[in-house]
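S.K.: Sharing input-v9.cif below, mmCIF, C-alpha atoms:
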```cif
data_input
#
loop_
_atom_site.label_atom_id
_atom_site.label_comp_id
_atom_site.auth_asym_id
_atom_site.auth_seq_id
_atom_site.Cartn_x
_atom_site.Cartn_y
_atom_site.Cartn_z
CA MET A 1 10.34 -27.20 13.36
CA TYR A 2 6.85 -25.86 12.68
CA ASP A 3 4.37 -28.20 14.36
CA ASN A 4 1.04 -26.34 14.33
CA PRO A 5 -1.70 -27.91 12.17
CA THR A 6 -2.90 -24.48 10.99
CA LYS A 7 -0.34 -22.96 8.62
CA ILE A 8 -0.13 -19.18 8.98
CA SER A 9 1.44 -17.28 6.09
CA VAL A 10 2.48 -13.64 6.32
CA ILE A 11 2.75 -11.50 3.19
CA LEU A 12 5.09 -8.59 3.85
CA ILE A 13 5.53 -5.88 1.19
CA THR A 14 8.39 -3.41 1.26
CA TYR A 15 10.24 -0.82 -0.78
CA ASN A 16 13.26 1.27 0.29
CA GLN A 17 12.63 0.65 3.99
CA GLU A 18 16.11 -0.25 5.20
CA LYS A 19 15.57 1.67 8.46
CA VAL A 20 12.40 -0.15 9.49
CA ILE A 21 12.17 -3.47 7.63
CA GLY A 22 14.06 -5.31 10.37
CA ARG A 23 11.52 -4.13 12.92
CA ALA A 24 8.67 -5.50 10.82
CA ILE A 25 10.33 -8.88 10.28
CA ASP A 26 11.26 -9.16 13.96
CA SER A 27 7.62 -8.54 14.94
CA VAL A 28 6.74 -11.75 13.10
CA LEU A 29 9.79 -13.79 14.09
CA CYS A 30 9.28 -13.14 17.81
CA GLN A 31 6.23 -15.41 17.53
CA LYS A 32 7.61 -17.71 14.84
CA GLU A 33 6.40 -20.88 16.56
CA TYR A 34 2.96 -19.96 15.15
CA VAL A 35 4.13 -18.83 11.69
CA TYR A 36 4.57 -21.22 8.80
CA GLU A 37 6.16 -18.80 6.34
CA ILE A 38 6.93 -15.13 5.71
CA ILE A 39 6.68 -14.14 2.05
CA ILE A 40 8.60 -10.87 1.62
CA GLY A 41 8.08 -8.91 -1.58
CA ASP A 42 10.81 -6.33 -2.18
CA ASP A 43 9.71 -3.98 -4.95
CA CYS A 44 13.15 -3.46 -6.49
CA SER A 45 14.50 -1.32 -3.64
CA THR A 46 17.42 1.00 -4.34
CA ASP A 47 18.69 1.17 -0.74
CA ASN A 48 20.03 -1.68 1.46
CA ASN A 49 16.57 -3.12 1.99
CA TRP A 50 17.22 -6.29 -0.01
CA GLU A 51 20.53 -6.96 1.74
CA ILE A 52 18.81 -6.78 5.12
CA ILE A 53 16.07 -9.14 3.96
CA THR A 54 18.54 -11.71 2.63
CA SER A 55 20.48 -11.56 5.91
CA TYR A 56 17.30 -12.68 7.67
CA LYS A 57 16.86 -15.39 5.05
CA LYS A 58 20.27 -16.80 5.98
CA LYS A 59 19.29 -16.95 9.65
CA TYR A 60 15.81 -18.34 9.08
CA PRO A 61 15.93 -20.24 5.77
CA ASP A 62 12.92 -22.42 6.56
CA ILE A 63 10.48 -19.61 7.27
CA ILE A 64 11.56 -16.56 5.25
CA LYS A 65 10.89 -16.59 1.52
CA PRO A 66 12.11 -13.35 -0.09
CA ILE A 67 11.07 -12.32 -3.59
CA ARG A 68 12.72 -9.39 -5.36
CA ASN A 69 10.77 -7.94 -8.27
CA GLU A 70 12.77 -7.48 -11.48
CA LYS A 71 11.10 -4.10 -11.95
CA ASN A 72 9.15 -1.80 -9.68
CA LEU A 73 5.49 -2.90 -9.64
CA GLY A 74 4.15 -0.32 -7.22
CA ILE A 75 2.45 -1.07 -3.91
CA PHE A 76 -0.54 -2.90 -5.32
CA GLY A 77 1.30 -4.76 -8.05
CA ASN A 78 3.75 -5.93 -5.40
CA ILE A 79 0.92 -7.29 -3.26
CA GLU A 80 -0.83 -9.03 -6.13
CA ASN A 81 2.44 -10.60 -7.27
CA LEU A 82 2.61 -12.53 -3.98
CA TYR A 83 -0.89 -14.05 -3.98
CA ASP A 84 0.22 -17.30 -5.59
CA LYS A 85 3.55 -17.55 -3.77
CA LEU A 86 2.26 -18.81 -0.43
CA SER A 87 1.37 -22.32 0.69
CA GLY A 88 -0.32 -21.76 4.06
CA ASP A 89 -3.94 -21.96 5.22
CA LEU A 90 -4.34 -18.43 6.61
CA VAL A 91 -2.93 -15.18 5.26
CA PHE A 92 -1.92 -12.02 7.12
CA PHE A 93 -0.69 -8.87 5.37
CA LEU A 94 1.96 -6.52 6.75
CA SER A 95 3.61 -3.37 5.40
CA GLY A 96 7.33 -2.92 5.93
CA ASP A 97 6.85 0.14 8.12
CA ASP A 98 4.30 -1.45 10.48
CA VAL A 99 4.57 -4.18 13.11
CA PHE A 100 2.52 -7.04 14.46
CA CYS A 101 2.02 -7.28 18.22
CA ASP A 102 3.43 -10.25 20.07
CA GLY A 103 0.64 -12.72 20.73
CA LEU A 104 -1.35 -12.04 17.54
CA PHE A 105 -0.82 -15.48 16.03
CA LYS A 106 -1.42 -17.28 19.31
CA LYS A 107 -4.74 -15.43 19.56
CA THR A 108 -5.50 -16.47 15.99
CA ILE A 109 -5.01 -20.17 16.76
CA GLU A 110 -7.04 -19.82 19.96
CA THR A 111 -9.89 -18.15 18.03
CA ILE A 112 -9.92 -20.96 15.46
CA LYS A 113 -10.18 -23.55 18.21
CA LYS A 114 -12.74 -21.60 20.26
CA LYS A 115 -15.01 -20.92 17.27
CA SER A 116 -14.42 -24.39 15.75
CA ILE A 117 -13.48 -22.78 12.44
CA ASP A 118 -13.00 -25.15 9.54
CA TYR A 119 -9.92 -23.29 8.32
CA LYS A 120 -9.33 -25.72 5.47
CA ASN A 121 -12.71 -25.25 3.81
CA GLU A 122 -14.48 -22.14 5.15
CA LEU A 123 -14.37 -18.82 3.34
CA PHE A 124 -13.68 -16.67 6.37
CA ALA A 125 -11.84 -13.73 7.89
CA ILE A 126 -10.73 -13.02 11.46
CA TYR A 127 -10.59 -9.38 12.56
CA PHE A 128 -8.50 -7.88 15.34
CA ASP A 129 -8.06 -4.32 16.59
CA HIS A 130 -5.02 -2.16 15.82
CA ARG A 131 -3.35 0.91 17.27
CA ILE A 132 -2.49 3.94 15.18
CA VAL A 133 0.71 5.77 16.09
CA PHE A 134 1.22 9.12 14.40
CA ALA A 135 4.62 10.48 13.42
CA ASP A 136 3.56 13.98 14.51
CA LYS A 137 2.19 15.08 17.91
CA ARG A 138 -1.34 13.80 17.39
CA PRO A 139 -2.45 11.37 20.13
CA ASN A 140 -2.42 7.67 19.35
CA TYR A 141 -5.69 5.79 19.31
CA LYS A 142 -7.10 2.29 18.96
CA PHE A 143 -9.26 1.25 16.03
CA SER A 144 -11.76 -1.44 17.00
CA ASN A 145 -13.38 -3.93 14.63
CA SER A 146 -15.96 -4.92 17.24
CA LEU A 147 -18.94 -4.01 15.03
CA ILE A 148 -18.30 -7.17 13.00
CA VAL A 149 -19.72 -9.30 15.85
CA LYS A 150 -23.13 -7.63 15.51
CA GLY A 151 -23.72 -9.46 12.26
CA LEU A 152 -23.64 -6.29 10.18
CA ASN A 153 -22.74 -6.61 6.52
CA PRO A 154 -18.93 -6.20 6.33
CA VAL A 155 -19.15 -4.49 2.92
CA ARG A 156 -21.50 -1.88 4.39
CA LEU A 157 -19.13 -1.43 7.32
CA LYS A 158 -16.22 -0.92 4.95
CA ILE A 159 -18.17 1.62 2.87
CA ARG A 160 -18.66 3.66 6.05
CA ASN A 161 -15.08 3.23 7.30
CA LEU A 162 -16.34 1.28 10.31
CA ILE A 163 -14.11 -1.73 9.74
CA SER A 164 -10.45 -2.16 8.84
CA VAL A 165 -8.45 -5.06 7.42
CA ARG A 166 -5.19 -3.68 8.82
CA THR A 167 -5.03 -6.47 11.38
CA SER A 168 -6.95 -9.40 9.98
CA CYS A 169 -6.41 -12.69 8.25
CA VAL A 170 -8.29 -14.56 5.56
CA SER A 171 -8.40 -18.18 4.57
CA VAL A 172 -6.38 -18.98 1.48
CA ASN A 173 -9.69 -19.92 -0.15
CA VAL A 174 -10.76 -16.28 0.11
CA LEU A 175 -7.45 -14.98 -1.23
CA GLN A 176 -7.74 -17.23 -4.28
CA LYS A 177 -10.86 -15.28 -5.27
CA PHE A 178 -9.06 -11.93 -5.29
CA THR A 179 -8.75 -10.22 -8.67
CA GLN A 180 -6.42 -7.48 -9.89
CA ILE A 181 -7.44 -3.90 -9.23
CA ARG A 182 -7.11 -0.66 -11.17
CA LYS A 183 -3.66 0.75 -10.42
CA ASP A 184 -4.37 4.13 -12.04
CA ILE A 185 -6.55 5.11 -9.08
CA GLY A 186 -3.45 5.81 -7.03
CA ILE A 187 -2.86 5.65 -3.29
CA PHE A 188 -6.49 4.86 -2.35
CA ALA A 189 -6.61 1.81 -4.60
CA ASP A 190 -5.79 -0.25 -1.50
CA GLY A 191 -9.45 0.03 -0.61
CA LEU A 192 -10.27 -2.04 -3.69
CA ILE A 193 -8.05 -4.82 -2.36
CA ASP A 194 -9.58 -4.51 1.11
CA ILE A 195 -13.18 -4.67 -0.11
CA GLN A 196 -12.53 -8.05 -1.73
CA GLN A 197 -11.99 -9.54 1.70
CA MET A 198 -15.48 -8.39 2.69
CA LEU A 199 -16.99 -9.57 -0.58
CA TYR A 200 -15.60 -13.11 -0.53
CA SER A 201 -15.57 -14.00 3.17
CA GLU A 202 -18.75 -15.89 3.98
CA LYS A 203 -18.04 -15.97 7.72
CA ASN A 204 -16.44 -13.25 9.84
CA TYR A 205 -14.96 -13.58 13.30
CA TYR A 206 -13.60 -11.07 15.80
CA CYS A 207 -10.99 -11.26 18.53
CA LYS A 208 -10.75 -8.36 20.96
CA TYR A 209 -6.99 -7.93 20.80
CA VAL A 210 -4.70 -5.17 19.52
CA GLY A 211 -2.82 -7.14 16.91
CA SER A 212 -0.68 -4.53 15.17
CA ILE A 213 0.75 -1.03 15.26
CA TYR A 214 0.09 1.15 12.24
CA ASN A 215 2.80 3.80 12.03
CA ALA A 216 0.97 6.64 10.28
CA GLY A 217 2.80 9.45 8.55
CA ILE A 218 5.96 7.64 7.46
CA GLY A 219 4.82 5.61 4.45
CA VAL A 220 4.64 6.29 0.72
CA SER A 221 1.41 8.25 1.06
CA VAL A 222 3.27 11.02 2.90
CA ASN A 223 4.85 12.06 -0.40
CA VAL A 224 1.47 12.38 -2.15
CA ASN A 225 0.25 15.99 -2.21
CA THR A 226 -3.21 16.93 -0.96
CA LYS A 227 -4.71 17.49 -4.40
CA ASP A 228 -3.52 14.14 -5.75
CA ARG A 229 -4.77 12.38 -2.61
CA ALA A 230 -8.20 13.95 -3.10
CA LYS A 231 -8.32 12.93 -6.76
CA SER A 232 -7.31 9.37 -5.86
CA TYR A 233 -9.99 9.21 -3.18
CA LEU A 234 -12.67 10.42 -5.58
CA MET A 235 -11.63 7.84 -8.18
CA TYR A 236 -11.78 5.14 -5.52
CA LEU A 237 -15.27 6.18 -4.42
CA ASN A 238 -16.48 6.27 -8.03
CA GLU A 239 -15.06 2.78 -8.58
CA LEU A 240 -16.93 1.48 -5.52
CA GLN A 241 -20.18 2.79 -6.97
CA THR A 242 -19.33 1.10 -10.26
CA ILE A 243 -18.35 -2.37 -9.03
CA LEU A 244 -20.70 -2.74 -6.05
CA LYS A 245 -24.47 -2.92 -5.83
CA LEU A 246 -24.91 -0.40 -3.04
CA CYS A 247 -28.16 0.10 -1.21
CA HIS A 248 -29.64 3.60 -1.33
CA LYS A 249 -28.27 4.77 2.01
CA ASP A 250 -24.78 3.42 1.33
CA ASN A 251 -24.72 5.13 -2.05
CA LEU A 252 -25.66 8.40 -0.32
CA ARG A 253 -22.88 7.83 2.22
CA VAL A 254 -20.40 7.51 -0.63
CA GLU A 255 -21.84 10.75 -2.04
CA TYR A 256 -21.26 12.34 1.37
CA TYR A 257 -17.57 11.42 1.23
CA LYS A 258 -17.33 12.63 -2.36
CA TYR A 259 -18.84 16.05 -1.69
CA GLN A 260 -16.77 16.42 1.45
CA THR A 261 -13.66 15.90 -0.67
CA LEU A 262 -14.94 18.11 -3.47
CA PHE A 263 -15.54 20.91 -0.98
CA PHE A 264 -11.86 21.07 -0.06
CA LEU A 265 -10.91 21.07 -3.74
CA ASN A 266 -13.52 23.74 -4.44
CA PRO A 267 -14.93 25.31 -1.23
CA SER A 268 -18.33 26.41 -2.51
CA ILE A 269 -21.68 26.71 -0.77
CA TYR A 270 -23.04 24.07 -3.14
CA ASN A 271 -20.42 21.46 -2.15
CA PHE A 272 -20.83 22.37 1.51
CA SER A 273 -24.62 21.97 1.46
CA LYS A 274 -24.45 18.74 -0.59
CA THR A 275 -22.08 17.30 2.01
CA LEU A 276 -24.53 18.00 4.83
CA ILE A 277 -27.57 16.81 2.86
CA ASN A 278 -25.92 13.50 1.98
CA TYR A 279 -24.68 12.98 5.52
CA PHE A 280 -28.16 13.17 7.03
CA ALA A 281 -29.80 11.30 4.15
CA SER A 282 -27.34 8.42 4.52
CA THR A 283 -27.67 8.08 8.30
CA ASP A 284 -28.52 4.50 9.25
CA LEU A 285 -29.30 3.83 12.91
CA SER A 286 -28.63 0.11 12.52
CA PHE A 287 -24.92 0.88 12.90
CA GLY A 288 -25.48 2.44 16.33
CA PHE A 289 -23.91 5.61 17.67
CA LYS A 290 -20.51 4.77 16.21
CA GLY A 291 -22.09 4.61 12.78
CA LEU A 292 -23.30 8.19 13.03
CA GLN A 293 -19.69 9.38 12.74
CA ILE A 294 -20.65 12.67 14.37
CA PHE A 295 -17.03 13.54 15.08
CA ASP A 296 -16.23 13.26 11.38
CA LEU A 297 -19.11 15.63 10.54
CA PHE A 298 -18.12 18.18 13.20
CA LYS A 299 -14.51 18.08 12.04
CA PHE A 300 -15.64 18.79 8.49
CA ILE A 301 -17.84 21.70 9.60
CA LEU A 302 -15.06 23.25 11.66
CA ARG A 303 -12.59 22.98 8.78
CA ALA A 304 -15.18 24.37 6.39
CA LEU A 305 -15.81 27.37 8.63
CA SER A 306 -12.09 28.07 8.76
CA ILE A 307 -12.09 28.40 4.99
CA LEU A 308 -14.71 31.14 5.01
CA PRO A 309 -15.63 33.22 3.17
CA ILE A 310 -16.93 30.41 0.97
CA LYS A 311 -17.11 31.07 -2.74
CA ILE A 312 -20.58 31.01 -4.28
#
```
Could I get this file's structure written as structure tokens?
M.R.:
Amino acid sequence: MYDNPTKISVILITYNQEKVIGRAIDSVLCQKEYVYEIIIGDDCSTDNNWEIITSYKKKYPDIIKPIRNEKNLGIFGNIENLYDKLSGDLVFFLSGDDVFCDGLFKKTIETIKKKSIDYKNELFAIYFDHRIVFADKRPNYKFSNSLIVKGLNPVRLKIRNLISVRTSCVSVNVLQKFTQIRKDIGIFADGLIDIQQMLYSEKNYYCKYVGSIYNAGIGVSVNVNTKDRAKSYLMYLNELQTILKLCHKDNLRVEYYKYQTLFFLNPSIYNFSKTLINYFASTDLSFGFKGLQIFDLFKFILRALSILPIKI
């Protein structure tokens, strides 16, 4: 029987993931003494995904709450459909092809006690680190959310890709403020869901712990071609500039990302120079060395040079 005062809910979204969904569910169940419920949204899978989910439901009827959509809603529609299905105090999100690390929820409870978080009333988020494992031969690496402890604006951090919600939780009070996003943006529309966490969380906490494994290169985005990915990213960036009141430097940083993307769609000297101009104009030393993102700039320059001769 669940006997923790803080009720942790996990929202797990999945579609046609019969080969990996069990791994994701097991990563939560192995620490089930800290989990109040697992809300699993199956987006009308056509493989054996649903059968596997219901088999877990039979074994753990008190904790697993599966929901099968009558029609395919897409990734973001599937997520939004689950917002009002939970009854816990804290909410974690998990994709069917990723896993949580054992000890994540214990660390969450410890952080709440250590920081004396009023989890019933505060509008807050707790951030952890995560590890990215690539399907190809690229080396794995750890993404750290440590910059959040410096008191930097989380929206500004998100704009500059210096913070990630991949392993984080929010109070249900924050989730209740979430609104529906534009689905026509495509694969990068997830950033519009993520940014709401930064917008509505009034307090932000950090725990130095690798809380999940992100298995890159095996999800839905793999099937999206480069041109469509670029178009989706540009639409996402334009939407950020529309819905947010960005300071001058953050707006220029968004312009940097836009021209970087436009360069690879149309490798011209103009797009190349605009990328560099906006990079330097948007540099903000308050984010420290990590905020300079020098590696990202060098990688762009090297890729740009490989495309030479550049069209004028």
S.K.: Do a neighbour search on A:Leu246 at 12 Å with only C-alpha atoms, toss out local chain neighbours closer than 3 positions, and write the hits as a PyMOL selection string.
M.R.: chain A and resi 153+155-160+237-243+249-255+282
S.K.: For A:Glu37, work out the shell of residues within 8 Å, counting all atoms listed in the file and skipping chain neighbours fewer than 3 positions away, then give it as a list in words.
M.R.: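 Listing them by chain and then by number gives Ile8, Ser9, Val10, Asp62, Ile63, Ile64, Lys65, Leu86 and Gly88 of chain A.
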S.K.: I'd like the neighbourhood of A:Tyr257 as JSON, numbers by chain, where a residue qualifies if any of its atoms comes within 9 Å (using only C-alpha atoms), though same-chain residues fewer than 6 positions away should be ignored.
M.R.: {"A": [234, 237, 275, 278, 279]}
S.K.: Could you write out as an MDAnalysis selection string the residues that the PyMOL selection byres ((chain A and resi 189) around 12) matches in the shown file?
M.R.: chainID A and resid 74:77 79 180:188 190:196 221 229 231:240
S.K.: Select, from A:Tyr34, A:Tyr205, A:Phe272, A:Phe264, the residue with the minimum atom-to-atom distance to A:Lys115, counting only C-alpha atoms.
M.R.: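 Between A:Tyr34, A:Tyr205, A:Phe272, A:Phe264, the residue approaching A:Lys115 most closely is A:Tyr205.
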S.K.: Could you state the separation of atom CA of A:Val165 and atom CA of A:Ser95 in Å, given to one decimal place?
M.R.: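 Distance between the two atoms: 12.3 Å.
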S.K.: Just checking: using only C-alpha atoms, which residue out of A:Leu147, A:Cys30, A:Ala135, A:Val174 ends up closest to A:Phe105?
M.R.: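 Looking at the shortest contact to A:Phe105, the residue is A:Cys30.
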S.K.: Please measure the separation of atom CA of A:Tyr214 and atom CA of A:Leu244, giving the value in Å to one decimal.
M.R.: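 Between atom CA of A:Tyr214 and atom CA of A:Leu244 the gap works out to 28.0 Å.
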S.K.: Could you pull the residues within 10 Å of A:Asp84, counting all atoms listed in the file, minus those fewer than 5 positions along the same chain, as a list in words?
M.R.: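 My list of contacting residues is Val172, Leu175 and Gln176 of chain A.
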S.K.: Hey, which of A:Asn69, A:Thr167, A:Thr111, A:Ser273 ends up closest to A:Ile213? Count all atoms listed in the file.
M.R.: A:Thr167
S.K.: Return as an NGL selection string the set of residues that the PyMOL selection byres ((chain A and resi 117-119) around 12) yields on the displayed structure.
M.R.: :A and (5-8 or 88-91 or 108-116 or 120-126 or 169-174 or 203-205)
S.K.: Next, dump the selected residues to file, keeping only C-alpha atoms, as a compact mmCIF listing (two decimals), keeping the file's coordinate frame.
M.R.:
```
# COMPACT_ATOMS: atom_id res chain seq x y z
CA PRO A 5 -1.70 -27.91 12.17
CA THR A 6 -2.90 -24.48 10.99
CA LYS A 7 -0.34 -22.96 8.62
CA ILE A 8 -0.13 -19.18 8.98
CA GLY A 88 -0.32 -21.76 4.06
CA ASP A 89 -3.94 -21.96 5.22
CA LEU A 90 -4.34 -18.43 6.61
CA VAL A 91 -2.93 -15.18 5.26
CA THR A 108 -5.50 -16.47 15.99
CA ILE A 109 -5.01 -20.17 16.76
CA GLU A 110 -7.04 -19.82 19.96
CA THR A 111 -9.89 -18.15 18.03
CA ILE A 112 -9.92 -20.96 15.46
CA LYS A 113 -10.18 -23.55 18.21
CA LYS A 114 -12.74 -21.60 20.26
CA LYS A 115 -15.01 -20.92 17.27
CA SER A 116 -14.42 -24.39 15.75
CA LYS A 120 -9.33 -25.72 5.47
CA ASN A 121 -12.71 -25.25 3.81
CA GLU A 122 -14.48 -22.14 5.15
CA LEU A 123 -14.37 -18.82 3.34
CA PHE A 124 -13.68 -16.67 6.37
CA ALA A 125 -11.84 -13.73 7.89
CA ILE A 126 -10.73 -13.02 11.46
CA CYS A 169 -6.41 -12.69 8.25
CA VAL A 170 -8.29 -14.56 5.56
CA SER A 171 -8.40 -18.18 4.57
CA VAL A 172 -6.38 -18.98 1.48
CA ASN A 173 -9.69 -19.92 -0.15
CA VAL A 174 -10.76 -16.28 0.11
CA LYS A 203 -18.04 -15.97 7.72
CA ASN A 204 -16.44 -13.25 9.84
CA TYR A 205 -14.96 -13.58 13.30
```
S.K.: Which residues, named as in the file, does the PyMOL selection byres ((chain A and resi 140) around 12) pick out? Answer as JSON, numbers by chain.
M.R.: {"A": [130, 131, 132, 133, 134, 135, 136, 137, 138, 139, 141, 142, 143, 213, 214, 215, 216]}
S.K.: Using all atoms listed in the file, determine which residues lie at most 10 Å from A:Leu292, disregarding the query and same-chain residues fewer than 5 positions distant; provide the list as a list in words.
M.R.: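 My reading of the contact set: Arg160, Tyr279, Phe280, Ser282, Thr283, Asp284, Leu285, Ser286, Phe287 and Leu297 of chain A.
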S.K.: What gap, in Å, lies between atom CA of A:Phe128 and atom CA of A:Ser27?
M.R.: 16.1 Å
S.K.: With distances taken over only C-alpha atoms, which residue among A:Glu33, A:Cys44, A:Leu162, A:Leu94 lies nearest A:Phe289?
M.R.: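 Under the stated criterion, the closest residue is A:Leu162.
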S.K.: Using only C-alpha atoms and a cutoff of 9 Å, can you tell me which residues are near (-14.9, 21.8, 1.0) in the file's coordinates, and write them out as a VMD selection string?
M.R.: chain A and resid 259 to 269 271 to 272 275 300 303 to 304 307 310
S.K.: Rank nothing, just name the residue among A:Asp98, A:Gln293, A:Lys208, A:Thr46 nearest to A:Val149, using only C-alpha atoms.
M.R.: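 Selected residue with least distance to A:Val149: A:Lys208.
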S.K.: Which residue gives the smallest distance to A:Ile163 among A:Lys299, A:Lys258, A:Lys290, A:Lys57, with only C-alpha atoms counted?
M.R.: A:Lys290
S.K.: Around the point (12.5, -7.9, 2.8) in the file's coordinates, collect all residues with an atom within 10 Å, using all atoms listed in the file, and return them as number ranges by chain.
M.R.: A: 12-18, 21-22, 24-25, 38-43, 45, 48-57, 64-68, 96
